[in-house]
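Text of final29.txt (compact mmCIF, C-alpha atoms) as supplied:
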# COMPACT_ATOMS: atom_id res chain seq x y z
CA MET A 1 182.98 128.58 28.01
CA THR A 2 186.42 130.15 27.80
CA LYS A 3 187.44 131.44 31.21
CA ILE A 4 189.22 134.78 30.86
CA LEU A 5 191.18 135.91 33.92
CA VAL A 6 192.21 139.57 34.18
CA VAL A 7 195.01 140.18 36.70
CA GLY A 8 194.54 143.74 37.97
CA GLY A 9 191.58 146.10 37.86
CA GLY A 10 193.41 149.30 36.96
CA TYR A 11 193.02 151.24 33.71
CA ALA A 12 193.96 148.48 31.29
CA GLY A 13 192.29 145.69 33.27
CA PHE A 14 189.07 147.59 33.90
CA TYR A 15 188.67 148.65 30.28
CA THR A 16 189.51 145.16 29.01
CA ALA A 17 186.78 143.57 31.13
CA TRP A 18 184.32 146.43 30.56
CA LYS A 19 184.64 146.28 26.77
CA LEU A 20 184.68 142.45 26.70
CA GLU A 21 181.30 142.50 28.43
CA LYS A 22 179.97 144.58 25.57
CA ARG A 23 181.62 142.54 22.79
CA LEU A 24 181.11 138.97 23.96
CA ARG A 25 177.84 137.17 24.29
CA ARG A 26 177.09 135.52 27.62
CA HIS A 27 177.83 132.00 26.40
CA GLU A 28 181.16 132.92 24.78
CA ALA A 29 183.29 133.54 27.88
CA GLU A 30 183.36 133.72 31.66
CA LEU A 31 185.12 136.87 32.91
CA VAL A 32 187.06 137.11 36.18
CA VAL A 33 188.96 140.15 37.49
CA VAL A 34 191.33 139.81 40.46
CA ASP A 35 192.39 142.95 42.32
CA PRO A 36 193.04 143.75 46.01
CA ARG A 37 190.90 146.91 45.73
CA PRO A 38 187.20 146.90 44.80
CA TYR A 39 187.66 149.91 42.54
CA MET A 40 189.71 151.33 39.70
CA THR A 41 191.63 154.45 40.70
CA TYR A 42 191.50 157.25 38.16
CA GLN A 43 195.02 158.40 38.95
CA PRO A 44 195.02 161.73 37.02
CA PHE A 45 192.54 162.98 39.64
CA LEU A 46 194.79 162.16 42.61
CA PRO A 47 196.57 165.56 42.65
CA GLU A 48 193.15 167.23 42.76
CA VAL A 49 191.98 164.83 45.47
CA ALA A 50 195.04 165.90 47.49
CA ALA A 51 194.04 169.54 46.95
CA GLY A 52 190.36 168.95 47.71
CA SER A 53 189.20 169.84 44.19
CA VAL A 54 187.85 166.31 43.61
CA GLU A 55 186.14 164.12 46.21
CA ALA A 56 188.10 160.96 46.97
CA ARG A 57 185.25 158.61 46.04
CA HIS A 58 184.84 160.34 42.69
CA ALA A 59 188.37 159.26 41.71
CA ALA A 60 187.43 155.62 42.35
CA VAL A 61 185.29 153.65 39.91
CA SER A 62 183.53 150.66 41.48
CA LEU A 63 184.43 147.39 39.75
CA ARG A 64 181.29 145.55 40.85
CA ARG A 65 178.95 148.37 39.88
CA HIS A 66 180.27 148.69 36.34
CA LEU A 67 181.45 145.13 35.59
CA ARG A 68 178.05 143.51 35.86
CA ARG A 69 178.86 140.26 34.04
CA THR A 70 182.30 139.84 35.56
CA ARG A 71 183.20 137.97 38.72
CA VAL A 72 185.35 140.28 40.85
CA VAL A 73 187.73 138.49 43.22
CA SER A 74 189.15 140.59 46.07
CA GLY A 75 192.78 139.63 46.49
CA ALA A 76 196.29 139.99 45.12
CA VAL A 77 197.71 137.56 42.58
CA THR A 78 201.02 136.37 44.03
CA THR A 79 202.12 133.89 41.32
CA ILE A 80 201.22 133.17 37.71
CA ASP A 81 201.87 129.62 36.48
CA HIS A 82 200.87 129.88 32.85
CA ALA A 83 202.12 126.40 32.01
CA ALA A 84 199.42 125.05 34.34
CA ARG A 85 196.95 127.87 33.50
CA ARG A 86 196.70 128.75 37.18
CA VAL A 87 197.28 131.72 39.49
CA THR A 88 197.63 131.94 43.26
CA VAL A 89 195.51 134.56 45.00
CA ARG A 90 196.13 136.05 48.45
CA PRO A 91 192.91 137.52 49.92
CA ALA A 92 192.88 140.13 52.66
CA ASP A 93 191.62 137.48 55.08
CA GLY A 94 192.02 133.72 55.05
CA PRO A 95 194.42 131.36 53.27
CA GLU A 96 195.70 131.68 49.73
CA PHE A 97 193.81 129.84 47.00
CA GLU A 98 194.23 129.01 43.33
CA LEU A 99 192.23 130.04 40.29
CA ASP A 100 192.32 128.22 36.97
CA TYR A 101 191.86 129.94 33.62
CA ASP A 102 191.90 129.34 29.89
CA LEU A 103 193.15 132.78 28.86
CA ILE A 104 194.99 135.33 30.96
CA VAL A 105 195.26 139.11 30.66
CA VAL A 106 198.05 140.59 32.82
CA THR A 107 197.36 144.22 33.71
CA ALA A 108 198.68 144.18 37.27
CA GLY A 109 199.91 147.78 37.17
CA ALA A 110 203.15 149.25 38.43
CA VAL A 111 204.16 149.92 42.02
CA THR A 112 205.89 152.95 43.51
CA ARG A 113 209.62 152.66 42.99
CA LYS A 114 211.55 153.19 46.20
CA PHE A 115 215.24 153.70 46.84
CA PRO A 116 217.14 152.79 50.02
CA VAL A 117 217.16 156.35 51.38
CA PRO A 118 217.31 156.38 55.20
CA GLY A 119 214.04 157.57 56.70
CA ILE A 120 211.94 157.53 53.51
CA ALA A 121 210.16 154.26 54.28
CA GLU A 122 209.19 155.60 57.73
CA GLN A 123 208.32 159.21 56.79
CA ALA A 124 207.13 159.47 53.18
CA ILE A 125 203.72 159.02 51.55
CA GLY A 126 203.24 157.95 47.94
CA LEU A 127 200.74 159.45 45.49
CA LYS A 128 199.46 156.42 43.64
CA HIS A 129 196.27 155.54 45.53
CA VAL A 130 193.21 157.43 46.74
CA GLU A 131 193.98 156.88 50.41
CA GLU A 132 197.45 158.41 49.94
CA ALA A 133 196.01 161.53 48.30
CA VAL A 134 193.47 161.92 51.12
CA ALA A 135 196.19 161.51 53.76
CA ILE A 136 198.35 164.17 52.09
CA ARG A 137 195.47 166.65 52.06
CA ASP A 138 194.50 165.97 55.68
CA ARG A 139 198.10 166.24 56.88
CA LEU A 140 198.53 169.65 55.29
CA LEU A 141 195.23 170.94 56.68
CA THR A 142 196.02 169.55 60.14
CA ALA A 143 199.51 171.05 60.01
CA PHE A 144 198.06 174.54 59.47
CA ASP A 145 195.64 174.03 62.38
CA ARG A 146 198.38 172.85 64.73
CA ALA A 147 200.87 175.49 63.64
CA SER A 148 198.37 178.30 64.27
CA ALA A 149 198.50 177.51 68.00
CA MET A 150 202.32 177.46 68.14
CA PRO A 151 204.81 180.33 68.51
CA PRO A 152 207.15 181.07 65.61
CA GLY A 153 210.16 178.75 65.57
CA PRO A 154 211.64 175.53 64.17
CA ALA A 155 208.80 173.30 65.41
CA ARG A 156 206.15 175.40 63.68
CA GLN A 157 208.17 175.72 60.48
CA ARG A 158 208.67 171.94 60.35
CA LEU A 159 204.89 171.47 60.34
CA LEU A 160 204.55 173.95 57.48
CA THR A 161 207.31 172.48 55.28
CA VAL A 162 206.26 170.20 52.42
CA THR A 163 208.74 168.19 50.34
CA PHE A 164 207.98 166.35 47.09
CA VAL A 165 210.63 163.96 45.79
CA GLY A 166 210.32 163.38 42.05
CA GLY A 167 209.66 165.85 39.24
CA GLY A 168 207.63 163.70 36.88
CA PHE A 169 203.97 164.27 36.08
CA SER A 170 202.63 162.86 39.33
CA GLY A 171 205.08 164.85 41.43
CA VAL A 172 204.72 168.18 39.63
CA GLU A 173 200.92 168.00 39.45
CA GLY A 174 200.63 167.00 43.11
CA PHE A 175 203.13 169.69 44.11
CA GLY A 176 201.35 172.40 42.12
CA GLU A 177 197.92 171.46 43.46
CA LEU A 178 199.11 171.35 47.07
CA LEU A 179 200.87 174.69 46.60
CA SER A 180 197.54 176.09 45.39
CA LEU A 181 195.74 174.64 48.43
CA ALA A 182 198.31 176.21 50.76
CA ALA A 183 197.79 179.59 49.09
CA ALA A 184 194.05 179.29 49.75
CA LEU A 185 194.70 178.32 53.37
CA ARG A 186 196.81 181.40 53.99
CA LYS A 187 193.65 183.52 53.72
CA HIS A 188 192.48 181.81 56.92
CA TYR A 189 195.95 181.67 58.52
CA PRO A 190 197.60 184.99 57.53
CA ASP A 191 200.41 184.61 60.10
CA LEU A 192 201.67 181.31 58.69
CA GLU A 193 204.27 180.99 55.96
CA PRO A 194 204.53 177.47 54.44
CA ALA A 195 207.65 176.26 52.64
CA PHE A 196 207.48 173.98 49.59
CA HIS A 197 210.42 172.01 48.17
CA LEU A 198 210.43 169.96 44.95
CA VAL A 199 213.48 167.71 44.60
CA GLU A 200 214.41 166.20 41.23
CA ALA A 201 217.54 164.15 40.49
CA ARG A 202 217.68 165.21 36.84
CA ASP A 203 218.39 168.65 35.42
CA ARG A 204 214.74 169.24 34.47
CA ILE A 205 211.19 168.39 35.50
CA LEU A 206 208.32 167.04 33.40
CA PRO A 207 210.37 164.94 30.94
CA GLU A 208 207.24 164.54 28.76
CA VAL A 209 207.47 168.20 27.68
CA THR A 210 210.39 169.90 25.93
CA ASP A 211 213.04 171.97 27.69
CA ARG A 212 211.57 175.43 27.27
CA PRO A 213 208.07 174.63 28.66
CA GLY A 214 209.77 172.65 31.44
CA ARG A 215 211.81 175.70 32.44
CA TRP A 216 208.65 177.81 32.37
CA VAL A 217 207.00 175.42 34.85
CA VAL A 218 209.99 175.76 37.19
CA ARG A 219 209.82 179.56 37.03
CA SER A 220 206.06 179.47 37.57
CA LEU A 221 206.43 177.34 40.72
CA GLU A 222 209.23 179.55 42.05
CA ARG A 223 207.19 182.72 41.50
CA ARG A 224 204.55 181.16 43.74
CA GLY A 225 207.09 180.76 46.54
CA ALA A 226 208.29 177.19 45.98
CA THR A 227 211.90 176.03 45.88
CA VAL A 228 212.81 173.64 43.04
CA HIS A 229 216.01 171.62 43.55
CA LEU A 230 217.31 170.25 40.23
CA ASN A 231 220.24 167.84 39.88
CA THR A 232 219.59 167.01 43.52
CA GLN A 233 218.98 163.80 45.44
CA VAL A 234 217.58 163.17 48.90
CA LYS A 235 220.33 161.52 50.93
CA SER A 236 218.38 161.12 54.17
CA ALA A 237 214.99 161.85 55.70
CA VAL A 238 215.40 160.34 59.15
CA ASP A 239 212.78 161.70 61.56
CA GLY A 240 211.68 164.18 58.88
CA HIS A 241 215.12 165.87 58.68
CA VAL A 242 215.79 166.12 54.95
CA VAL A 243 219.40 166.10 53.79
CA LEU A 244 220.05 166.88 50.12
CA SER A 245 223.03 165.97 47.97
CA THR A 246 223.79 169.70 47.61
CA GLY A 247 224.41 169.93 51.35
CA GLU A 248 221.14 171.70 52.15
CA GLU A 249 219.21 170.50 55.19
CA PHE A 250 215.75 171.28 56.56
CA ASP A 251 212.99 169.67 58.61
CA SER A 252 209.82 168.67 56.78
CA GLY A 253 206.52 167.62 58.32
CA LEU A 254 205.17 166.19 55.05
CA ILE A 255 207.29 164.22 52.55
CA VAL A 256 205.67 162.89 49.37
CA TRP A 257 207.57 160.32 47.31
CA THR A 258 206.79 160.39 43.56
CA ALA A 259 210.14 159.22 42.16
CA GLY A 260 208.78 156.91 39.49
CA ASN A 261 207.25 153.46 39.16
CA GLY A 262 208.63 149.93 39.13
CA ALA A 263 207.39 146.63 37.76
CA ASN A 264 204.83 144.77 39.84
CA PRO A 265 206.56 142.00 41.84
CA VAL A 266 204.23 139.31 40.50
CA VAL A 267 205.42 140.15 36.98
CA HIS A 268 209.03 140.83 37.89
CA LYS A 269 209.60 137.78 40.09
CA HIS A 270 206.70 135.32 40.24
CA THR A 271 205.67 134.25 36.77
CA ASP A 272 206.85 131.89 34.03
CA LEU A 273 205.81 134.40 31.36
CA PRO A 274 208.72 136.03 29.46
CA ILE A 275 210.03 139.35 30.77
CA ASP A 276 212.64 141.77 29.46
CA GLU A 277 215.74 143.23 31.12
CA HIS A 278 213.59 145.81 32.95
CA GLY A 279 211.29 143.22 34.49
CA LEU A 280 208.42 144.03 32.12
CA LEU A 281 206.42 141.48 30.18
CA THR A 282 207.64 140.99 26.62
CA VAL A 283 204.67 141.99 24.47
CA ARG A 284 204.04 142.14 20.75
CA ALA A 285 202.35 145.05 19.02
CA ASP A 286 199.03 143.18 19.05
CA LEU A 287 199.36 142.90 22.87
CA ARG A 288 199.98 139.15 22.91
CA ILE A 289 202.75 138.15 25.29
CA GLY A 290 205.81 136.99 23.35
CA THR A 291 207.84 138.11 20.36
CA ASP A 292 207.08 138.68 16.70
CA ALA A 293 208.62 135.30 15.97
CA ALA A 294 206.51 133.44 18.52
CA PHE A 295 203.80 134.36 21.00
CA VAL A 296 202.69 132.65 24.20
CA PRO A 297 199.29 131.05 23.58
CA ASP A 298 196.37 132.43 25.58
CA ALA A 299 198.41 135.18 27.23
CA TRP A 300 197.93 138.94 26.77
CA ALA A 301 199.18 142.02 28.59
CA ALA A 302 198.94 145.81 28.62
CA GLY A 303 199.59 148.82 30.80
CA ASP A 304 202.52 149.71 33.01
CA ASP A 305 203.88 146.14 33.29
CA ALA A 306 203.98 145.51 29.54
CA ALA A 307 206.79 146.51 27.19
CA VAL A 308 204.46 147.39 24.30
CA PRO A 309 206.24 148.41 21.06
CA ASP A 310 205.60 152.01 20.04
CA LEU A 311 204.86 151.77 16.32
CA THR A 312 204.54 155.56 16.02
CA SER A 313 208.12 156.21 17.17
CA ARG A 314 211.06 156.58 14.82
CA VAL A 315 213.40 155.21 17.49
CA PRO A 316 214.15 151.50 16.93
CA GLY A 317 212.91 149.35 19.81
CA ALA A 318 210.91 152.18 21.40
CA ARG A 319 208.20 151.25 23.90
CA THR A 320 205.00 153.09 24.75
CA VAL A 321 205.18 155.40 27.75
CA PRO A 322 203.55 153.88 30.86
CA ASN A 323 200.74 156.39 31.33
CA ALA A 324 196.95 156.45 31.58
CA GLN A 325 196.44 157.52 27.97
CA HIS A 326 198.12 154.36 26.66
CA ALA A 327 196.70 152.02 29.32
CA VAL A 328 193.10 152.99 28.53
CA ARG A 329 193.53 152.58 24.79
CA GLN A 330 195.48 149.35 25.17
CA GLY A 331 192.69 147.96 27.37
CA LYS A 332 190.10 148.77 24.71
CA LEU A 333 192.22 147.17 21.98
CA LEU A 334 192.80 144.12 24.18
CA ALA A 335 189.05 143.57 24.37
CA ARG A 336 188.69 143.89 20.59
CA ASN A 337 191.64 141.56 19.90
CA ILE A 338 190.57 138.90 22.38
CA ALA A 339 187.02 138.90 21.02
CA ALA A 340 188.39 138.70 17.48
CA THR A 341 190.72 135.77 18.18
CA LEU A 342 187.98 133.84 20.02
CA ARG A 343 185.97 134.12 16.80
CA GLY A 344 188.86 133.08 14.57
CA LYS A 345 189.79 136.56 13.36
CA GLN A 346 193.09 138.43 13.33
CA ALA A 347 194.34 140.64 16.17
CA LYS A 348 195.29 144.21 15.27
CA PRO A 349 198.46 146.03 16.39
CA TYR A 350 198.39 148.87 18.91
CA VAL A 351 199.01 152.19 17.16
CA HIS A 352 198.25 155.41 18.97
CA HIS A 353 199.37 158.89 18.03
CA GLY A 354 199.63 161.02 21.16
CA LEU A 355 197.11 163.76 21.76
CA GLY A 356 199.70 165.93 23.45
CA THR A 357 200.67 166.45 27.07
CA VAL A 358 198.58 168.38 29.58
CA ALA A 359 199.20 168.96 33.28
CA THR A 360 197.59 170.89 36.09
CA LEU A 361 199.83 173.14 38.19
CA GLY A 362 197.15 174.19 40.65
CA LEU A 363 193.80 175.96 40.49
CA GLY A 364 193.64 178.01 37.27
CA ARG A 365 197.16 177.03 36.19
CA GLY A 366 198.33 174.43 33.72
CA ILE A 367 200.49 173.60 30.71
CA PHE A 368 199.71 171.84 27.45
CA GLN A 369 202.07 170.82 24.66
CA TYR A 370 201.37 169.16 21.33
CA ARG A 371 204.53 169.03 19.25
CA LYS A 372 205.59 172.70 18.97
CA LEU A 373 202.30 174.12 20.22
CA VAL A 374 202.51 175.18 23.87
CA ILE A 375 199.57 176.61 25.86
CA LYS A 376 200.06 177.92 29.40
CA GLY A 377 198.02 179.16 32.32
CA LEU A 378 194.22 179.18 32.55
CA PRO A 379 193.49 177.86 29.01
CA ALA A 380 195.74 174.83 29.61
CA TRP A 381 194.11 174.22 33.01
CA LEU A 382 190.66 174.28 31.40
CA MET A 383 191.89 171.84 28.75
CA HIS A 384 193.17 169.55 31.51
CA ARG A 385 189.82 169.55 33.28
CA GLY A 386 187.86 169.15 30.08
CA TYR A 387 189.95 166.22 28.91
CA HIS A 388 189.76 164.32 32.18
CA VAL A 389 186.05 164.83 32.80
CA LEU A 390 185.54 163.25 29.37
CA ALA A 391 188.12 160.51 29.98
CA VAL A 392 186.94 159.28 33.39
CA PRO A 393 184.79 156.19 32.76
CA SER A 394 180.99 156.20 33.07
CA TRP A 395 178.56 159.10 32.87
CA GLU A 396 177.85 158.73 36.56
CA ARG A 397 181.44 159.66 37.44
CA LYS A 398 181.58 162.46 34.86
CA VAL A 399 178.49 164.12 36.34
CA ARG A 400 179.72 163.74 39.94
CA VAL A 401 183.13 165.28 39.16
CA LEU A 402 181.63 168.12 37.12
CA ALA A 403 179.17 168.87 39.92
CA ILE A 404 181.90 169.14 42.56
CA TRP A 405 183.95 171.44 40.29
CA LEU A 406 180.95 173.71 39.75
CA THR A 407 180.23 173.76 43.50
CA ALA A 408 183.84 174.70 44.25
CA ALA A 409 183.70 177.48 41.66
CA LEU A 410 180.68 178.98 43.46
CA PHE A 411 181.66 178.46 47.09
CA GLY A 412 185.44 177.91 47.08
CA ARG A 413 187.48 175.05 48.49
CA ASP A 414 186.39 172.95 51.43
CA VAL A 415 189.25 173.27 53.93
CA VAL A 416 188.11 170.86 56.64
CA SER A 417 190.60 168.20 57.72
CA LEU A 418 189.30 164.73 58.51
CA ALA A 419 192.63 163.30 59.62
CA SER A 420 190.92 161.97 62.75
CA VAL A 421 189.25 159.26 60.66
CA GLU A 422 192.60 157.45 60.70
CA HIS A 423 192.02 156.85 64.43
CA PRO A 424 188.21 156.67 64.79
CA ARG A 425 188.25 155.16 68.29
CA ASP A 426 190.38 157.84 69.96
CA ALA A 427 187.40 160.01 71.00
CA PHE A 428 185.49 156.97 72.25
CA VAL A 429 188.44 155.64 74.28
CA SER A 430 189.39 159.01 75.80
CA GLY A 431 185.81 159.95 76.63
CA GLY A 432 186.60 163.54 75.68
CA ASP A 433 189.33 163.92 78.33
CA PRO A 434 192.15 165.90 76.64
CA ARG A 435 194.67 164.42 79.10
Would you kindly transcribe this structure into C-alpha cells?
Amino acid sequence: MTKILVVGGGYAGFYTAWKLEKRLRRHEAELVVVDPRPYMTYQPFLPEVAAGSVEARHAAVSLRRHLRRTRVVSGAVTTIDHAARRVTVRPADGPEFELDYDLIVVTAGAVTRKFPVPGIAEQAIGLKHVEEAVAIRDRLLTAFDRASAMPPGPARQRLLTVTFVGGGFSGVEGFGELLSLAAALRKHYPDLEPAFHLVEARDRILPEVTDRPGRWVVRSLERRGATVHLNTQVKSAVDGHVVLSTGEEFDSGLIVWTAGNGANPVVHKHTDLPIDEHGLLTVRADLRIGTDAAFVPDAWAAGDDAAVPDLTSRVPGARTVPNAQHAVRQGKLLARNIAATLRGKQAKPYVHHGLGTVATLGLGRGIFQYRKLVIKGLPAWLMHRGYHVLAVPSWERKVRVLAIWLTAALFGRDVVSLASVEHPRDAFVSGGDPR
C-alpha cells in the first residue's frame, strides 16, 4: 500500500487525513499523521476560550477519536528528507526516530512570529494554542481577585492593565473578547478600573477589512474604554514595564503577543523541498509542491506554510491568505486530489471565492464585510457564531459548543479562575500553611 505521511494535524492536515479516510479504501493507502499535540486546535474559538465563552476542550478536536483509520504519531517532525522519502521525528520523551513514506503532505502550520523586543520573551503570552488562551483568561480573573485586596496605587493598576501587541484578526478578536470579560467582571468588582491597550505598528487594524469598517472598530473599542495605539511599536517590556515608540510608558500585568505568524522552522530551514523568498513551500494551484513547469513527485502542501496561488485575485503572483477558511478548503481539496492521482486521474486547482470577513469584538459585538456590504454589532456577532458552529468539525463538537453558548445565555459567564492548576502540588506541599 502507498504510505501517506501528513506532517501536522492542524486544519489542513486534519481535513486531509479525515477526507482521505472517506475517499480511499482500506487497501489503497496507509495513513500516518505526525503532530506534537493529540488534537487539532480550532483557532477561531481561542478568543472565546480566553473570555470563557467556549470551554477549552471544545476548541480541541481529538485526532485519535476522529481519525479512526489513521496512525497518529505524537511528536514533532524536525527534518524532511524527500530525496530519501524519510522524516525525522522528535517525540516528547525518548530519542528521535525516522519514518519512511511514499507520499508526503506538508501541513505543519505556522508559528508565532517574534521580534527581538527586550522583555517580550519573558513576559508575553501568545494566542495560538488552547493552553495560551486558558492562561490568558485565568491571569485576568486572578488579577481581579488579587487587586481587590490591594489599596489603590501603581501595584494594583499594573495587575489590571492588559496589553495586546498586534492588530490583526487574532489580536483584535482576543482583545475585544477580553475587554468584554473585564466589563462583566466589574459587576463583581465595582471598585476596580482595568486598563486595556492595543498596540499596532501600522496605521490601521484588521487589514482584512477596508479602511472605514476598520476605523469603526477602533472607535468601538475606544468607546468601551480601551486605548488603541496605531503607528506604534513596543520598544521594551522588561519586567512588564511597556515602553512604546511614541514615548508612552506604563506597567502591564498581562501582555499578549499576536503580531503575526512565521513559517514553521522545519519548512523554513530543515527540508530539501523548494521554498520561496519568504520561507514558504513553493506550491502549484493543484497543491503539488513545485512550479507549473515541474512539480516534485509525491509531495503536496497546504495551509499556512504553503505559498498557494490565489486564482481568484487580479493581482499577478497573489497568494492565498493564511487563514482557517483557506486551510480547511485546501485540506479537503488535497484529499480529493491525492485520491484522484492514486487512481490515475487529474488533480484540480484550488479556487475559492471568499465568503467575506467576520470577527467577534466581544459578547454581542462583531463586524462582517463582504465586498461593499458591512454589518456591525449584534447581527455580525450572531453571524460569527453561526458560521463557526457550522465550521467546527464533527457534530459532537458542534453540539458541545452550542450547548455551552446556550448555558451562558441563560446563566451568564463563569468567572472562576483555575490558575492554580499550573502548580497543582503547591497545596499538597504547603499543607495549607499560608506562610
From A:Gln330, A:Thr360, A:Thr210, A:Thr246, residue lying nearest Pro47 (chain A) [only C-alpha atoms]: A:Thr360
Using 9 Å as the limit and counting only C-alpha atoms, can you tabulate each residue of region 39-82 of chain A that touches region 136-142 of chain A, with its shortest atom-to-atom distance in Å and the two atoms involved, as a tab-separated table?
residue	atom	partner	partner_atom	distance
A:Val49	CA	A:Arg137	CA	7.7
A:Ala50	CA	A:Arg137	CA	4.7
A:Ala51	CA	A:Arg137	CA	6.0
A:Gly52	CA	A:Arg137	CA	7.1
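Using all atoms listed in the file for every distance, the candidate list A:His241, A:Arg215, A:Arg365, A:Arg85 yields A:His241 as the residue closest to Arg158 (chain A).
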Can you pull out every residue within 9 Å of Leu342 (chain A), counting all atoms listed in the file, but drop anything in the same chain fewer than 4 positions away, and send it as number ranges by chain? A: 2, 28, 337-338
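Between CA of Ala12 (chain A) and CA of Val328 (chain A) there is a distance of 5.4 Å.
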Could you jot down the CA of Ala226 (chain A) to CA of Lys114 (chain A) separation for me, Å, one decimal place?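 Between these atoms lies a distance of 24.2 Å.
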From A:Phe368, A:Phe250, A:Trp257, A:Trp216, residue lying nearest Phe164 (chain A) [all atoms listed in the file]: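 Closest candidate: A:Trp257.
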CA of Trp300 (chain A) to CA of Val105 (chain A), straight-line distance in Å: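 These two atoms are separated by 4.7 Å.
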Name the closest residue to Val267 (chain A) among the candidates A:Val374, A:Val217, A:Val87, A:Leu311; distances are taken between atoms, counting only C-alpha atoms. A:Val87
Using only C-alpha atoms, what table do you get, as a tab-separated table, when you list each residue of region 150-257 of chain A with an atom no more than 10 Å from region 409-433 of chain A, its nearest pair of atoms, and their distance in Å rounded to one decimal, rows by chain then rising number?
residue	atom	partner	partner_atom	distance
A:Leu181	CA	A:Arg413	CA	8.3
A:Ala184	CA	A:Arg413	CA	7.9
A:Leu185	CA	A:Val415	CA	7.5
A:His188	CA	A:Val415	CA	9.6
For a quick check of understanding, using all atoms listed in the file, which of A:Pro393, A:Gly119, A:Gly240, A:Gly94 has the smallest distance to Ser62 (chain A)? A:Pro393
Centre and edge lengths, as AutoDock Vina command-line options, for the axis-aligned box enclosing every listed atom of region 189-193 of chain A with 6 Å of padding on each of the six sides, in Å to one decimal?
--center_x 200.1 --center_y 183.0 --center_z 58.0 --size_x 20.3 --size_y 16.0 --size_z 16.1
Neighbour residues at most 8 Å from (179.5, 159.7, 43.7) (all atoms listed in the file) as a VMD selection string: chain A and resid 57 to 58 396 to 397 400
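In this comparison, which uses only C-alpha atoms, the residue of A:Ala135, A:Ala403, A:Ala149, A:Asp286 approaching Ala340 (chain A) most closely is A:Asp286.
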